[in-house]
>>> print(open('start.tsv').read())   # TSV, C-alpha atoms
chain	number	residue	atom	x	y	z
A	440	MET	CA	89.68	151.07	166.73
A	441	LEU	CA	93.33	150.51	167.44
A	442	TYR	CA	92.88	146.82	166.66
A	443	LEU	CA	91.31	147.51	163.23
A	444	GLY	CA	94.09	149.91	162.39
A	445	LEU	CA	96.77	147.35	163.20
A	446	MET	CA	95.00	144.71	161.09
A	447	LYS	CA	94.77	147.06	158.12
A	448	ARG	CA	98.43	147.91	158.39
A	449	ALA	CA	99.39	144.20	158.58
A	450	MET	CA	97.34	143.39	155.50
A	451	GLN	CA	98.96	146.21	153.56
A	452	THR	CA	102.51	145.09	154.40
A	453	LYS	CA	102.33	141.26	154.29
A	454	GLY	CA	98.84	140.28	153.19
A	455	LEU	CA	96.60	140.73	150.20
A	456	PHE	CA	97.86	144.20	149.43
A	457	TRP	CA	101.53	143.23	149.35
A	458	PRO	CA	103.14	145.12	146.43
A	459	LEU	CA	103.48	143.01	143.28
A	460	ARG	CA	107.12	143.96	142.70
A	461	GLU	CA	108.06	142.22	145.94
A	462	ARG	CA	106.31	138.92	145.10
A	463	SER	CA	108.50	135.98	143.85
A	464	GLY	CA	107.72	133.88	140.72
A	465	PHE	CA	109.28	131.78	137.94
A	466	SER	CA	111.86	133.32	135.68
A	467	LEU	CA	111.94	132.62	131.94
A	468	ILE	CA	115.05	130.44	132.31
A	469	GLU	CA	113.42	128.31	135.01
A	470	LEU	CA	110.37	127.86	132.78
A	471	LEU	CA	112.49	126.80	129.79
A	472	VAL	CA	114.49	124.31	131.89
A	473	SER	CA	111.30	122.76	133.29
A	474	LEU	CA	109.81	122.47	129.77
A	475	THR	CA	112.99	120.78	128.52
A	476	VAL	CA	112.92	118.22	131.35
A	477	PHE	CA	109.21	117.61	130.73
A	478	SER	CA	109.85	117.10	127.00
A	479	PHE	CA	112.52	114.47	127.67
A	480	GLY	CA	110.11	112.67	129.96
A	481	ILE	CA	107.36	112.67	127.33
A	482	LEU	CA	109.79	111.36	124.70
A	483	GLY	CA	110.66	108.48	127.00
A	484	VAL	CA	106.99	107.60	127.48
A	485	ILE	CA	106.39	107.71	123.70
A	486	GLY	CA	109.39	105.41	123.15
A	487	MET	CA	108.02	102.94	125.70
A	488	GLN	CA	104.63	102.96	123.98
A	489	MET	CA	106.21	102.24	120.58
A	490	TYR	CA	108.22	99.38	122.06
A	491	ALA	CA	105.06	97.97	123.67
A	492	LEU	CA	103.16	98.19	120.37
A	493	ARG	CA	105.95	96.30	118.56
A	494	GLY	CA	105.89	93.65	121.28
A	495	ASN	CA	102.12	93.30	121.00
A	496	SER	CA	102.37	92.98	117.21
A	497	TYR	CA	105.01	90.24	117.51
A	498	SER	CA	102.95	88.35	120.11
A	499	TRP	CA	99.81	88.56	117.99
A	500	ASN	CA	101.55	87.42	114.79
A	501	SER	CA	103.47	84.61	116.51
A	502	THR	CA	100.23	83.32	118.09
A	503	LEU	CA	98.49	83.32	114.71
A	504	ALA	CA	101.49	81.65	113.05
A	505	GLN	CA	101.52	78.96	115.74
A	506	ARG	CA	97.83	78.26	115.18
A	507	ILE	CA	98.33	78.05	111.40
A	508	ALA	CA	101.20	75.57	111.88
A	509	GLU	CA	99.34	73.51	114.49
A	510	GLN	CA	96.26	73.30	112.29
A	511	LYS	CA	98.15	71.63	109.42
A	512	LEU	CA	100.19	69.39	111.71
A	513	GLU	CA	97.17	68.19	113.68
A	514	VAL	CA	95.19	67.48	110.51
A	515	LEU	CA	97.98	65.28	109.15
A	516	LYS	CA	98.56	63.51	112.48
A	517	ALA	CA	94.84	62.77	112.84
A	518	MET	CA	94.68	61.00	109.48
A	519	GLU	CA	95.45	57.37	108.84
A	520	TYR	CA	98.94	56.91	107.46
A	521	GLN	CA	97.91	56.03	103.88
A	522	PHE	CA	95.70	59.13	103.64
A	523	ALA	CA	98.25	61.41	105.29
A	524	LYS	CA	100.75	60.46	102.57
A	525	LEU	CA	98.48	61.99	99.95
A	526	ALA	CA	97.19	64.91	102.01
A	527	THR	CA	98.42	67.98	100.18
A	528	PHE	CA	96.01	70.86	99.86
A	529	GLY	CA	96.85	72.14	96.39
A	530	ASP	CA	99.91	71.62	94.24
A	531	PHE	CA	102.97	70.06	95.83
A	532	GLU	CA	106.62	69.91	94.87
A	533	ALA	CA	108.79	66.79	94.99
A	534	ASN	CA	111.88	68.63	96.25
A	535	GLN	CA	112.92	71.29	98.73
A	536	ASN	CA	114.31	73.78	96.20
A	537	ASN	CA	111.90	76.52	97.31
A	538	VAL	CA	112.55	75.94	101.02
A	539	PRO	CA	115.33	77.92	102.73
A	540	ALA	CA	118.36	75.75	103.44
A	541	ALA	CA	118.07	76.35	107.20
A	542	ASP	CA	114.49	75.01	107.22
A	543	GLN	CA	114.90	71.93	105.02
A	544	ILE	CA	114.54	68.41	106.37
A	545	THR	CA	117.96	66.82	106.38
A	546	ASN	CA	119.06	63.18	106.28
A	547	VAL	CA	116.91	62.34	103.28
A	548	GLY	CA	117.82	58.81	102.23
A	549	ALA	CA	118.06	57.54	98.66
A	550	ASN	CA	114.75	55.70	99.04
A	551	ASP	CA	112.94	58.53	100.85
A	552	SER	CA	110.57	60.83	99.03
A	553	ILE	CA	109.78	64.47	99.72
A	554	ARG	CA	106.54	66.41	99.29
A	555	VAL	CA	106.47	70.17	99.81
A	556	ASP	CA	103.22	72.08	100.03
A	557	ILE	CA	103.41	75.90	99.97
A	558	GLU	CA	100.37	77.93	100.98
A	559	GLU	CA	99.86	81.66	101.33
A	560	PHE	CA	97.56	83.42	103.76
A	561	GLY	CA	96.90	86.94	102.59
A	562	LEU	CA	95.80	89.13	99.74
A	563	LEU	CA	98.75	88.61	97.41
A	564	LYS	CA	98.96	85.31	95.56
A	565	GLU	CA	101.97	84.45	93.46
A	566	SER	CA	103.78	81.32	92.43
A	567	PRO	CA	105.57	79.46	95.25
A	568	GLY	CA	108.86	79.75	93.38
A	569	ALA	CA	108.74	83.54	93.74
A	570	PHE	CA	109.09	83.28	97.51
A	571	TYR	CA	112.86	82.87	97.48
A	572	GLY	CA	113.59	83.48	93.84
A	573	SER	CA	116.15	81.49	91.91
A	574	ALA	CA	118.71	79.60	93.99
A	575	GLY	CA	117.41	81.11	97.23
A	576	ALA	CA	118.10	84.72	96.17
A	577	ALA	CA	116.31	87.46	98.08
A	578	ALA	CA	113.03	88.41	96.45
A	579	ALA	CA	110.09	90.60	97.36
A	580	ALA	CA	107.70	88.78	99.67
A	581	PRO	CA	104.78	87.44	97.63
A	582	TYR	CA	102.56	87.03	100.67
A	583	ASP	CA	100.56	89.59	102.56
A	584	ARG	CA	100.43	88.04	106.04
A	585	PHE	CA	101.66	84.45	106.38
A	586	LYS	CA	103.25	81.73	104.26
A	587	ARG	CA	103.07	78.11	105.37
A	588	ILE	CA	105.44	75.47	104.04
A	589	THR	CA	104.70	71.85	104.87
A	590	ILE	CA	107.44	69.29	104.23
A	591	GLN	CA	106.63	65.58	104.30
A	592	LYS	CA	109.49	63.09	104.27
A	593	ILE	CA	108.17	59.63	103.55
A	594	VAL	CA	110.80	57.21	104.78
A	595	ASP	CA	111.80	54.41	102.41
A	596	SER	CA	108.94	55.03	100.00
A	597	ALA	CA	110.84	53.92	96.89
A	598	SER	CA	111.09	50.33	98.12
A	599	GLY	CA	107.40	50.24	98.98
A	600	THR	CA	108.08	49.38	102.63
A	601	ASP	CA	107.56	52.85	104.08
A	602	SER	CA	105.93	52.93	107.51
A	603	LYS	CA	106.45	56.45	108.78
A	604	MET	CA	106.41	60.02	107.63
A	605	VAL	CA	108.24	62.98	109.18
A	606	ILE	CA	106.33	66.27	108.95
A	607	LYS	CA	107.77	69.75	109.33
A	608	VAL	CA	105.58	72.84	109.16
A	609	ILE	CA	107.14	76.32	108.93
A	610	VAL	CA	105.11	79.53	108.99
A	611	TYR	CA	106.75	82.81	107.91
A	612	TRP	CA	105.61	86.38	108.34
A	613	VAL	CA	107.07	89.85	107.84
A	614	GLY	CA	107.68	91.44	111.23
A	615	THR	CA	107.77	95.14	112.07
A	616	ASP	CA	111.58	95.02	112.04
A	617	SER	CA	111.83	92.83	108.91
A	618	ASP	CA	112.83	93.90	105.43
A	619	PRO	CA	110.02	92.75	103.11
A	620	ALA	CA	112.53	92.34	100.27
A	621	ASN	CA	114.86	90.15	102.32
A	622	PRO	CA	113.32	86.81	103.35
A	623	ALA	CA	116.29	86.12	105.64
A	624	THR	CA	114.93	88.80	108.00
A	625	HIS	CA	111.38	87.45	108.11
A	626	ARG	CA	110.02	85.92	111.30
A	627	LYS	CA	109.16	82.24	111.42
A	628	ILE	CA	107.91	79.45	113.62
A	629	ALA	CA	108.50	75.74	112.95
A	630	MET	CA	106.91	72.56	114.28
A	631	MET	CA	107.64	68.91	113.65
A	632	GLY	CA	105.68	65.70	114.02
A	633	MET	CA	105.52	62.13	112.78
A	634	VAL	CA	102.82	59.88	111.37
A	635	ALA	CA	103.38	56.12	111.42
A	636	LEU	CA	101.48	52.94	110.59
>>> encode(input="start.tsv", output="structure tokens")
Amino acid sequence: MLYLGLMKRAMQTKGLFWPLRERSGFSLIELLVSLTVFSFGILGVIGMQMYALRGNSYSWNSTLAQRIAEQKLEVLKAMEYQFAKLATFGDFEANQNNVPAADQITNVGANDSIRVDIEEFGLLKESPGAFYGSAGAAAAAPYDRFKRITIQKIVDSASGTDSKMVIKVIVYWVGTDSDPANPATHRKIAMMGMVAL
């Protein structure tokens, strides 16, 4: 009997029946501080996810752009020289006026000839001249996804003794951090090759 009485008294003072006013818990300030720290942590995770999504988008677009450039370059390199000279898929231009200055083929001799083929990959189709506007001025991007510019420099074609052709393929796209109205901010990838007799 004495044992049961001692157990009951112990439970009332320190056990299940301990008065609620003596129990410790979280104060409102501690709760607000913990929520603030948790919120900063969540914001950091969201920022990391956004950065990862931008990186994935760049990787995906650059891979597609590389394939688009390789496809045109490999087709031209696989052809015989005489056929590669005439291999433009659509209208071509005989100058580099619609190619950004930084992407033009330089060292064009007096007897060399230039062919520029501009293709668009996307929903919006406009004239090639609208890509950079007059005199390279910034213009709204006329392409939805990708624009491919192929430049062929036929060396010494005017004299009729040409034996090689330099090819440069540039693919442009509007990145997540690009200004669609400013082509100077667009992403690009460029490849070069040569076809000879």
>>> atom_distance(input="start.tsv", atom1="CA of Val605 (chain A)", atom2="CA of Arg626 (chain A)")
23.1 Å
>>> residues_near_point(input="start.tsv", point="(114.2, 77.0, 107.5)", cutoff="12 Å", atoms="all atoms listed in the file", output="PyMOL selection string")
chain A and resi 535-545+571+575+587-590+607-611+622-630
>>> closest_residue(input="start.tsv", among="A:Val613, A:Tyr520, A:Met604, A:Gly599", to="Ile553 (chain A)", atoms="only C-alpha atoms")
A:Met604
>>> atom_distance(input="start.tsv", atom1="CA of Met489 (chain A)", atom2="CA of Phe585 (chain A)")
23.2 Å
>>> axis_aligned_box(input="start.tsv", around="region 464-471 of chain A", padding_each_side="5 Å", output="AutoDock Vina command-line options")
--center_x 111.4 --center_y 130.3 --center_z 135.3 --size_x 17.3 --size_y 17.1 --size_z 20.9
>>> atom_distance(input="start.tsv", atom1="CA of Ala517 (chain A)", atom2="CA of Tyr497 (chain A)")
29.7 Å
>>> closest_residue(input="start.tsv", among="A:Asn546, A:Ala523, A:Ile468, A:Thr615", to="Asn500 (chain A)", atoms="only C-alpha atoms")
A:Thr615
>>> residues_near_point(input="start.tsv", point="(108.3, 94.4, 116.3)", cutoff="8 Å", atoms="all atoms listed in the file", output="list in words")
Tyr490, Leu492, Arg493, Gly494, Asn495, Ser496, Tyr497, Gly614, Thr615 and Asp616 of chain A
>>> closest_residue(input="start.tsv", among="A:Asp601, A:Glu513, A:Asp595, A:Glu519", to="Ala549 (chain A)", atoms="all atoms listed in the file")
A:Asp595
>>> closest_residue(input="start.tsv", among="A:Met633, A:Lys592, A:Ser498, A:Glu469", to="Asn534 (chain A)", atoms="only C-alpha atoms")
A:Lys592
>>> decode(input="start.tsv", residues="region 486-630 of chain A", atoms="C-alpha atoms", output="tab-separated table (two decimals), in the first residue's frame")
chain	number	residue	atom	x	y	z
A	486	GLY	CA	17.12	30.40	-56.17
A	487	MET	CA	19.25	27.30	-56.75
A	488	GLN	CA	16.40	25.65	-58.65
A	489	MET	CA	15.96	28.69	-60.91
A	490	TYR	CA	19.70	28.77	-61.61
A	491	ALA	CA	19.64	25.04	-62.43
A	492	LEU	CA	16.68	25.51	-64.79
A	493	ARG	CA	18.50	28.31	-66.64
A	494	GLY	CA	21.58	26.10	-66.93
A	495	ASN	CA	19.51	23.23	-68.29
A	496	SER	CA	17.86	25.54	-70.83
A	497	TYR	CA	21.25	26.82	-72.02
A	498	SER	CA	22.64	23.28	-72.31
A	499	TRP	CA	19.61	22.09	-74.25
A	500	ASN	CA	19.64	25.05	-76.66
A	501	SER	CA	23.40	24.93	-77.21
A	502	THR	CA	23.21	21.19	-77.97
A	503	LEU	CA	20.44	21.77	-80.52
A	504	ALA	CA	22.33	24.71	-82.04
A	505	GLN	CA	25.47	22.58	-82.35
A	506	ARG	CA	23.51	19.85	-84.14
A	507	ILE	CA	21.94	22.38	-86.52
A	508	ALA	CA	25.39	23.80	-87.35
A	509	GLU	CA	27.01	20.37	-87.72
A	510	GLN	CA	24.23	19.17	-90.01
A	511	LYS	CA	24.85	21.94	-92.57
A	512	LEU	CA	28.64	21.72	-92.29
A	513	GLU	CA	28.70	17.94	-92.70
A	514	VAL	CA	26.36	18.06	-95.70
A	515	LEU	CA	28.63	20.54	-97.49
A	516	LYS	CA	31.82	18.67	-96.58
A	517	ALA	CA	30.36	15.38	-97.82
A	518	MET	CA	29.62	16.80	-101.27
A	519	GLU	CA	32.02	16.96	-104.17
A	520	TYR	CA	33.57	20.39	-104.51
A	521	GLN	CA	31.65	21.46	-107.65
A	522	PHE	CA	28.31	20.56	-106.05
A	523	ALA	CA	29.19	22.11	-102.70
A	524	LYS	CA	29.78	25.44	-104.48
A	525	LEU	CA	26.14	25.51	-105.54
A	526	ALA	CA	24.65	23.96	-102.40
A	527	THR	CA	22.45	26.67	-100.97
A	528	PHE	CA	19.09	25.62	-99.62
A	529	GLY	CA	16.93	28.57	-100.62
A	530	ASP	CA	17.86	32.10	-101.60
A	531	PHE	CA	21.42	33.23	-101.01
A	532	GLU	CA	23.09	36.61	-100.82
A	533	ALA	CA	26.36	37.55	-102.52
A	534	ASN	CA	27.62	39.66	-99.61
A	535	GLN	CA	27.84	39.63	-95.83
A	536	ASN	CA	25.72	42.74	-95.21
A	537	ASN	CA	23.20	40.83	-93.09
A	538	VAL	CA	25.90	39.06	-91.05
A	539	PRO	CA	27.13	40.70	-87.82
A	540	ALA	CA	30.60	42.18	-88.24
A	541	ALA	CA	32.03	39.92	-85.53
A	542	ASP	CA	30.85	36.79	-87.39
A	543	GLN	CA	31.88	37.70	-90.94
A	544	ILE	CA	34.60	35.84	-92.80
A	545	THR	CA	37.55	38.16	-93.13
A	546	ASN	CA	40.43	38.27	-95.63
A	547	VAL	CA	38.16	38.13	-98.65
A	548	GLY	CA	40.35	38.65	-101.70
A	549	ALA	CA	39.41	40.62	-104.81
A	550	ASN	CA	38.90	37.39	-106.75
A	551	ASP	CA	37.03	35.56	-103.97
A	552	SER	CA	33.27	35.26	-103.98
A	553	ILE	CA	30.88	35.07	-101.05
A	554	ARG	CA	27.59	33.20	-100.68
A	555	VAL	CA	25.44	33.69	-97.58
A	556	ASP	CA	22.50	31.45	-96.83
A	557	ILE	CA	20.17	32.49	-93.99
A	558	GLU	CA	17.69	29.98	-92.60
A	559	GLU	CA	15.23	30.21	-89.75
A	560	PHE	CA	14.09	27.40	-87.49
A	561	GLY	CA	10.87	28.35	-85.77
A	562	LEU	CA	7.36	29.62	-86.20
A	563	LEU	CA	8.14	33.17	-87.30
A	564	LYS	CA	9.37	33.66	-90.86
A	565	GLU	CA	10.52	37.04	-92.06
A	566	SER	CA	12.98	38.35	-94.58
A	567	PRO	CA	16.67	37.72	-93.76
A	568	GLY	CA	17.36	41.44	-93.89
A	569	ALA	CA	15.09	41.99	-90.89
A	570	PHE	CA	17.44	40.03	-88.64
A	571	TYR	CA	19.82	42.91	-88.04
A	572	GLY	CA	17.94	45.72	-89.67
A	573	SER	CA	19.64	48.40	-91.72
A	574	ALA	CA	23.38	48.78	-91.20
A	575	GLY	CA	23.39	46.23	-88.37
A	576	ALA	CA	20.95	48.19	-86.19
A	577	ALA	CA	19.21	46.30	-83.41
A	578	ALA	CA	15.88	44.88	-84.52
A	579	ALA	CA	13.30	42.54	-83.06
A	580	ALA	CA	14.31	38.92	-83.56
A	581	PRO	CA	12.43	37.51	-86.55
A	582	TYR	CA	13.02	33.92	-85.51
A	583	ASP	CA	11.26	31.83	-82.92
A	584	ARG	CA	14.00	29.38	-81.93
A	585	PHE	CA	17.15	29.33	-84.09
A	586	LYS	CA	18.65	31.20	-87.02
A	587	ARG	CA	21.42	29.60	-89.07
A	588	ILE	CA	23.74	31.64	-91.27
A	589	THR	CA	26.04	29.76	-93.62
A	590	ILE	CA	28.88	31.71	-95.24
A	591	GLN	CA	30.80	30.20	-98.15
A	592	LYS	CA	33.99	31.90	-99.30
A	593	ILE	CA	35.04	30.50	-102.65
A	594	VAL	CA	38.71	31.31	-103.02
A	595	ASP	CA	39.80	32.84	-106.33
A	596	SER	CA	36.52	32.12	-108.08
A	597	ALA	CA	36.66	35.16	-110.37
A	598	SER	CA	39.72	33.84	-112.21
A	599	GLY	CA	38.13	30.43	-112.65
A	600	THR	CA	40.98	28.66	-110.85
A	601	ASP	CA	39.26	28.20	-107.49
A	602	SER	CA	40.09	24.96	-105.71
A	603	LYS	CA	38.82	25.41	-102.18
A	604	MET	CA	35.94	26.84	-100.25
A	605	VAL	CA	35.92	28.05	-96.64
A	606	ILE	CA	32.65	27.43	-94.81
A	607	LYS	CA	31.46	29.13	-91.64
A	608	VAL	CA	28.17	28.19	-89.99
A	609	ILE	CA	26.74	30.33	-87.17
A	610	VAL	CA	23.59	29.43	-85.25
A	611	TYR	CA	21.88	32.07	-83.09
A	612	TRP	CA	19.20	31.73	-80.45
A	613	VAL	CA	17.58	33.94	-77.82
A	614	GLY	CA	18.71	32.82	-74.38
A	615	THR	CA	16.85	33.23	-71.10
A	616	ASP	CA	19.08	36.21	-70.26
A	617	SER	CA	18.96	37.73	-73.77
A	618	ASP	CA	17.03	40.77	-74.90
A	619	PRO	CA	14.93	39.65	-77.90
A	620	ALA	CA	15.12	43.16	-79.35
A	621	ASN	CA	18.91	43.32	-79.12
A	622	PRO	CA	20.69	40.76	-81.34
A	623	ALA	CA	24.02	41.61	-79.69
A	624	THR	CA	22.80	39.79	-76.57
A	625	HIS	CA	21.69	36.63	-78.37
A	626	ARG	CA	23.56	33.38	-77.86
A	627	LYS	CA	25.46	31.80	-80.73
A	628	ILE	CA	27.67	28.93	-81.74
A	629	ALA	CA	29.99	28.94	-84.75
A	630	MET	CA	31.80	26.21	-86.68
